[in-house]
file final31.csv (CSV, C-alpha atoms)
chain,number,residue,atom,x,y,z
A,1,MET,CA,29.9,25.5,3.9
A,2,SER,CA,32.0,25.2,7.1
A,3,VAL,CA,35.2,25.0,5.0
A,4,ARG,CA,34.3,28.2,3.2
A,5,MET,CA,33.5,29.9,6.4
A,6,SER,CA,36.8,28.8,7.9
A,7,GLU,CA,38.7,30.1,4.8
A,8,GLY,CA,36.7,33.3,5.0
A,9,ASN,CA,37.5,33.8,8.7
A,10,GLU,CA,41.2,33.1,8.0
A,11,LEU,CA,41.2,35.7,5.2
A,12,ARG,CA,39.6,38.3,7.4
A,13,GLY,CA,42.2,37.7,10.0
A,14,VAL,CA,45.0,38.2,7.5
A,15,LEU,CA,43.2,41.4,6.2
A,16,LEU,CA,43.0,42.7,9.8
A,17,GLN,CA,46.7,42.1,10.3
A,18,LEU,CA,47.6,43.8,7.0
A,19,ASP,CA,45.4,46.7,7.7
A,20,ASN,CA,47.0,47.2,11.1
A,21,GLU,CA,50.4,47.1,9.5
A,22,ARG,CA,49.2,49.7,6.9
A,23,ARG,CA,48.0,52.0,9.6
A,24,GLU,CA,51.3,51.8,11.5
A,25,ILE,CA,53.3,52.5,8.3
A,26,GLU,CA,51.1,55.5,7.5
A,27,LYS,CA,51.4,56.8,11.1
A,28,GLU,CA,55.2,56.6,11.0
A,29,ILE,CA,55.2,58.3,7.5
A,30,SER,CA,53.0,61.1,8.9
A,31,GLU,CA,55.2,61.6,12.0
A,32,LEU,CA,58.4,61.7,9.9
A,33,THR,CA,56.9,64.0,7.3
A,34,ASP,CA,55.6,66.4,10.1
A,35,ALA,CA,59.1,66.5,11.5
A,36,LEU,CA,60.6,67.3,8.2
A,37,ASN,CA,58.0,70.0,7.5
A,38,LEU,CA,57.8,71.5,11.0
A,39,GLN,CA,61.0,70.8,12.8
A,40,PHE,CA,63.4,71.1,9.9
A,41,GLY,CA,61.3,73.1,7.5
A,42,VAL,CA,62.6,71.3,4.4
A,43,GLY,CA,60.0,68.6,3.7
A,44,MET,CA,61.1,65.8,1.4
A,45,SER,CA,62.6,68.1,-1.3
A,46,GLY,CA,63.9,71.3,0.4
A,47,PRO,CA,67.6,72.1,0.2
A,48,LEU,CA,69.9,70.7,2.8
A,49,VAL,CA,72.9,72.8,1.6
A,50,ASP,CA,73.4,76.5,1.6
A,51,ALA,CA,74.1,78.9,-1.3
A,52,GLU,CA,77.7,77.8,-1.3
A,53,SER,CA,76.8,74.1,-1.4
A,54,TYR,CA,77.9,73.5,2.2
A,55,PRO,CA,75.6,71.5,4.6
A,56,ARG,CA,73.2,73.9,6.3
A,57,SER,CA,74.2,74.9,9.8
A,58,ASP,CA,70.7,75.8,11.0
A,59,ILE,CA,69.4,72.2,10.9
A,60,ASP,CA,70.5,68.7,11.6
A,61,VAL,CA,71.3,67.7,8.0
A,62,HIS,CA,72.2,64.1,8.9
A,63,GLN,CA,68.9,63.5,10.8
A,64,ALA,CA,66.9,65.1,8.0
A,65,ARG,CA,68.5,62.8,5.4
A,66,THR,CA,67.9,59.8,7.7
A,67,PHE,CA,64.2,60.8,8.0
A,68,ARG,CA,63.9,61.2,4.2
A,69,HIS,CA,65.5,57.8,3.6
A,70,ARG,CA,63.1,56.2,6.1
A,71,VAL,CA,60.1,57.8,4.5
A,72,ALA,CA,61.2,56.4,1.1
A,73,CYS,CA,61.6,52.9,2.5
A,74,LEU,CA,58.2,53.1,4.2
A,75,GLN,CA,56.5,54.3,1.0
A,76,THR,CA,57.8,51.1,-0.7
A,77,ASP,CA,56.5,49.0,2.2
A,78,HIS,CA,53.2,50.8,1.9
A,79,THR,CA,52.9,49.9,-1.7
A,80,HIS,CA,53.5,46.3,-1.0
A,81,ILE,CA,51.0,46.2,1.9
A,82,MET,CA,48.3,47.8,-0.3
A,83,GLN,CA,48.9,45.3,-3.1
A,84,ALA,CA,48.6,42.4,-0.5
A,85,ILE,CA,45.4,43.9,0.9
A,86,GLN,CA,43.8,44.2,-2.5
A,87,ALA,CA,44.8,40.6,-3.3
A,88,LYS,CA,43.2,39.3,-0.1
A,89,LEU,CA,40.1,41.4,-0.6
A,90,HIS,CA,39.7,39.9,-4.0
A,91,GLN,CA,40.1,36.4,-2.6
A,92,LEU,CA,37.5,37.0,0.1
A,93,HIS,CA,35.0,38.4,-2.3
A,94,MET,CA,35.4,35.5,-4.7
A,95,LEU,CA,35.1,33.1,-1.8
A,96,GLU,CA,31.9,34.7,-0.5
A,97,GLY,CA,30.5,34.7,-4.0
A,98,SER,CA,28.7,38.0,-3.7
A,99,LYS,CA,28.2,39.3,-7.2
A,100,GLN,CA,27.1,42.7,-6.0
A,101,THR,CA,30.1,43.1,-3.6
A,102,ASN,CA,32.5,41.9,-6.3
A,103,VAL,CA,31.2,44.3,-8.9
A,104,THR,CA,31.4,47.3,-6.4
A,105,GLN,CA,34.8,46.4,-5.2
A,106,GLU,CA,36.3,45.7,-8.6
A,107,HIS,CA,35.0,49.0,-9.9
A,108,ASN,CA,36.6,50.9,-7.0
A,109,LEU,CA,39.9,49.0,-7.3
A,110,SER,CA,40.0,49.8,-11.0
A,111,GLU,CA,39.8,53.5,-10.2
A,112,SER,CA,42.9,53.4,-7.9
A,113,ASP,CA,45.7,51.0,-7.1
A,114,SER,CA,45.6,52.1,-3.5
A,115,LYS,CA,42.0,52.2,-2.4
A,116,PRO,CA,41.0,49.3,-0.1
A,117,PHE,CA,37.9,49.5,2.0
A,118,VAL,CA,38.6,49.9,5.7
A,119,PRO,CA,36.3,49.5,8.7
A,120,ARG,CA,34.4,52.6,9.9
A,121,THR,CA,36.3,54.4,12.7
A,122,SER,CA,35.4,56.9,15.3
A,123,LEU,CA,37.0,59.7,13.2
A,124,LYS,CA,34.6,62.5,12.2
A,125,PRO,CA,34.7,64.2,8.8
A,126,PHE,CA,36.2,67.7,8.7
A,127,LEU,CA,36.8,68.4,5.0
A,128,ARG,CA,34.7,68.0,1.9
A,129,VAL,CA,36.0,67.4,-1.6
A,130,ASP,CA,34.7,69.4,-4.5
A,131,GLN,CA,35.4,69.9,-8.2
A,132,VAL,CA,37.8,67.0,-8.8
A,133,ALA,CA,39.2,67.5,-12.2
A,134,GLU,CA,39.6,64.6,-14.6
A,135,THR,CA,43.1,63.2,-14.9
A,136,SER,CA,44.2,65.2,-11.9
A,137,PRO,CA,46.3,63.8,-9.1
A,138,ALA,CA,43.2,63.8,-6.9
A,139,ALA,CA,41.2,61.8,-9.5
A,140,ARG,CA,44.1,59.4,-10.1
A,141,GLY,CA,44.3,58.8,-6.3
A,142,GLY,CA,40.6,57.9,-6.2
A,143,LEU,CA,39.0,61.1,-4.8
A,144,LYS,CA,35.5,62.0,-5.9
A,145,ASP,CA,33.2,65.0,-5.5
A,146,ASN,CA,31.5,65.1,-2.1
A,147,ASP,CA,33.9,62.7,-0.5
A,148,LEU,CA,34.3,63.5,3.2
A,149,ILE,CA,37.8,63.5,4.6
A,150,LEU,CA,38.3,61.9,8.0
A,151,LYS,CA,42.1,62.1,8.0
A,152,PHE,CA,44.4,64.2,5.8
A,153,GLY,CA,48.0,63.1,6.4
A,154,SER,CA,48.3,63.4,10.2
A,155,VAL,CA,45.4,66.0,10.4
A,156,THR,CA,42.1,64.9,11.9
A,157,ARG,CA,39.0,66.8,13.1
A,158,GLU,CA,40.5,66.8,16.6
A,159,ASN,CA,43.7,68.8,15.6
A,160,PHE,CA,42.3,70.7,12.6
A,161,THR,CA,42.4,74.4,13.4
A,162,GLY,CA,39.7,75.3,10.9
A,163,ASN,CA,42.2,77.2,8.8
A,164,ILE,CA,42.2,75.7,5.3
A,165,SER,CA,45.6,77.2,4.6
A,166,SER,CA,47.2,74.6,6.9
A,167,ILE,CA,45.9,71.9,4.5
A,168,ALA,CA,47.3,73.9,1.5
A,169,SER,CA,50.7,73.9,3.3
A,170,ILE,CA,50.6,70.2,3.8
A,171,ILE,CA,49.9,69.7,0.1
A,172,GLN,CA,52.7,72.1,-0.9
A,173,ASN,CA,55.2,70.4,1.4
A,174,SER,CA,54.2,66.9,0.2
A,175,GLN,CA,54.8,67.6,-3.5
A,176,GLY,CA,56.0,64.5,-5.2
A,177,ARG,CA,55.4,62.4,-2.1
A,178,MET,CA,52.6,60.1,-1.0
A,179,LEU,CA,49.9,61.6,1.2
A,180,SER,CA,47.6,59.2,3.0
A,181,LEU,CA,43.9,60.0,3.4
A,182,GLU,CA,41.0,58.2,5.0
A,183,VAL,CA,37.7,59.1,3.3
A,184,MET,CA,34.0,58.6,3.9
A,185,ARG,CA,32.0,58.2,0.7
A,186,PRO,CA,28.2,58.6,0.6
A,187,GLY,CA,26.6,55.3,-0.2
A,188,LEU,CA,29.4,53.1,1.0
A,189,SER,CA,29.2,51.3,4.4
A,190,ASP,CA,33.0,51.3,4.8
A,191,ASN,CA,35.6,54.0,4.6
A,192,LEU,CA,38.3,54.2,2.0
A,193,ALA,CA,42.1,54.5,2.5
A,194,LEU,CA,43.5,56.6,-0.3
A,195,SER,CA,47.1,57.5,-1.3
A,196,LEU,CA,47.6,60.7,-3.2
A,197,THR,CA,50.7,62.3,-4.7
A,198,PRO,CA,50.5,66.1,-5.0
A,199,GLN,CA,52.3,67.1,-8.1
A,200,ILE,CA,52.4,69.5,-11.0
A,201,TRP,CA,50.1,68.5,-13.8
A,202,SER,CA,48.3,70.1,-16.7
A,203,GLY,CA,45.7,71.8,-14.6
A,204,ARG,CA,45.6,74.1,-11.5
A,205,GLY,CA,47.0,73.2,-8.1
A,206,LEU,CA,49.0,70.2,-7.1
A,207,LEU,CA,45.9,68.0,-6.5
A,208,GLY,CA,43.3,69.3,-9.0
A,209,CYS,CA,40.4,69.6,-6.6
A,210,ARG,CA,38.9,71.9,-3.9
A,211,VAL,CA,39.0,71.0,-0.3
A,212,LEU,CA,36.5,72.8,1.9
A,213,PRO,CA,35.9,72.7,5.7
A,214,HIS,CA,33.0,70.5,6.7
A,215,THR,CA,30.8,70.4,9.7
A,216,ASP,CA,28.0,68.1,10.7
A,217,ASP,CA,25.5,71.0,10.8

call {"tool": "encode", "arguments": {"input": "final31.csv", "output": "structure tokens"}}
result
Amino acid sequence: MSVRMSEGNELRGVLLQLDNERREIEKEISELTDALNLQFGVGMSGPLVDAESYPRSDIDVHQARTFRHRVACLQTDHTHIMQAIQAKLHQLHMLEGSKQTNVTQEHNLSESDSKPFVPRTSLKPFLRVDQVAETSPAARGGLKDNDLILKFGSVTRENFTGNISSIASIIQNSQGRMLSLEVMRPGLSDNLALSLTPQIWSGRGLLGCRVLPHTDD
């Protein structure tokens, strides 16, 4: 029993370290993406040349390219971190031998390749998910109806203006690129870390769901 407890504690330590690395990567991605969207106004896919194919003179093209390259590298790192977290979670659940926990976790992992459980934080929900369409980018990323969003990219309740159009702008500017979310799901004791990729699909919008303001009232 003591050996199993020691192994479990070691796995939890590794998971905590991996989760801290994940958060740091997501933070840097959010900061760089915000700079590309707000400072340069080009996002990850906007043109860096003018109509005559010369580098634009109104922005720092070199820095924008550097930021884009860094985001691409971080997205690869993020994928590797998520895979490592899932592997360690599976090891921990197998070690603890909790059938119920294993079934729940395996079900959730089967829905999305990037959906580990993360500890509850002090963040408060400010958006509610509704009408998630089947096979949509939102569904593939693991979102479900009535999920409560704690963090949408770099937006939290603290800096959300209440204007839903700001969320729509983030989605539009993140087309084809990973968007990190932290979600509270009714019935689960831990939050979920999701990664969505807004993109054109067979249905409406780039995510295929509605996102509505949420209050605690």

call {"tool": "closest_residue", "arguments": {"input": "final31.csv", "among": "A:Ile29, A:Val155, A:Met5, A:Ala193", "to": "A:Asp77", "atoms": "all atoms listed in the file"}}
result
A:Ile29

call {"tool": "closest_residue", "arguments": {"input": "final31.csv", "among": "A:Leu192, A:Ala168, A:Leu16, A:Leu36", "to": "A:Ala84", "atoms": "only C-alpha atoms"}}
result
A:Leu16

call {"tool": "residues_near_point", "arguments": {"input": "final31.csv", "point": "(52.6, 59.3, -0.6)", "cutoff": "9 Å", "atoms": "only C-alpha atoms", "output": "ChimeraX atom specification"}}
result
/A:29,75,78,174,176-180,195-198

call {"tool": "closest_residue", "arguments": {"input": "final31.csv", "among": "A:Ile171, A:Ser122, A:Thr79, A:Gly208", "to": "A:Glu134", "atoms": "all atoms listed in the file"}}
result
A:Gly208

call {"tool": "closest_residue", "arguments": {"input": "final31.csv", "among": "A:Gly41, A:Asp58, A:Gly205, A:Leu127", "to": "A:Thr161", "atoms": "all atoms listed in the file"}}
result
A:Leu127

call {"tool": "residues_around", "arguments": {"input": "final31.csv", "residues": "A:Val61", "least_positions_apart": "5", "cutoff": "12 Å", "atoms": "all atoms listed in the file", "output": "tab-separated table (two decimals) with C-alpha atoms, keeping the file's coordinate frame"}}
result
chain	number	residue	atom	x	y	z
A	36	LEU	CA	60.60	67.30	8.20
A	39	GLN	CA	61.00	70.80	12.80
A	40	PHE	CA	63.40	71.10	9.90
A	41	GLY	CA	61.30	73.10	7.50
A	42	VAL	CA	62.60	71.30	4.40
A	46	GLY	CA	63.90	71.30	0.40
A	47	PRO	CA	67.60	72.10	0.20
A	48	LEU	CA	69.90	70.70	2.80
A	49	VAL	CA	72.90	72.80	1.60
A	50	ASP	CA	73.40	76.50	1.60
A	54	TYR	CA	77.90	73.50	2.20
A	55	PRO	CA	75.60	71.50	4.60
A	56	ARG	CA	73.20	73.90	6.30
A	66	THR	CA	67.90	59.80	7.70
A	67	PHE	CA	64.20	60.80	8.00
A	68	ARG	CA	63.90	61.20	4.20

call {"tool": "closest_residue", "arguments": {"input": "final31.csv", "among": "A:Arg185, A:Arg128, A:Lys88, A:Lys151", "to": "A:Asn9", "atoms": "only C-alpha atoms"}}
result
A:Lys88

call {"tool": "closest_residue", "arguments": {"input": "final31.csv", "among": "A:Leu74, A:Leu95, A:Cys209, A:Leu15", "to": "A:Glu28", "atoms": "all atoms listed in the file"}}
result
A:Leu74

call {"tool": "atom_distance", "arguments": {"input": "final31.csv", "atom1": "atom CA of A:Asp145", "atom2": "atom CA of A:Ser202"}}
result
19.5 Å

call {"tool": "atom_distance", "arguments": {"input": "final31.csv", "atom1": "atom CA of A:Gln175", "atom2": "atom CA of A:Val132"}}
result
17.8 Å

call {"tool": "atom_distance", "arguments": {"input": "final31.csv", "atom1": "atom CA of A:Phe152", "atom2": "atom CA of A:Glu182"}}
result
6.9 Å

call {"tool": "residues_around", "arguments": {"input": "final31.csv", "residues": "A:Leu92", "least_positions_apart": "6", "cutoff": "9 Å", "atoms": "all atoms listed in the file", "output": "number ranges by chain"}}
result
A: 7-8, 11-12

call {"tool": "residues_near_point", "arguments": {"input": "final31.csv", "point": "(52.2, 55.8, 12.6)", "cutoff": "12 Å", "atoms": "only C-alpha atoms", "output": "number ranges by chain"}}
result
A: 20-34, 71, 74, 78, 153-154, 180
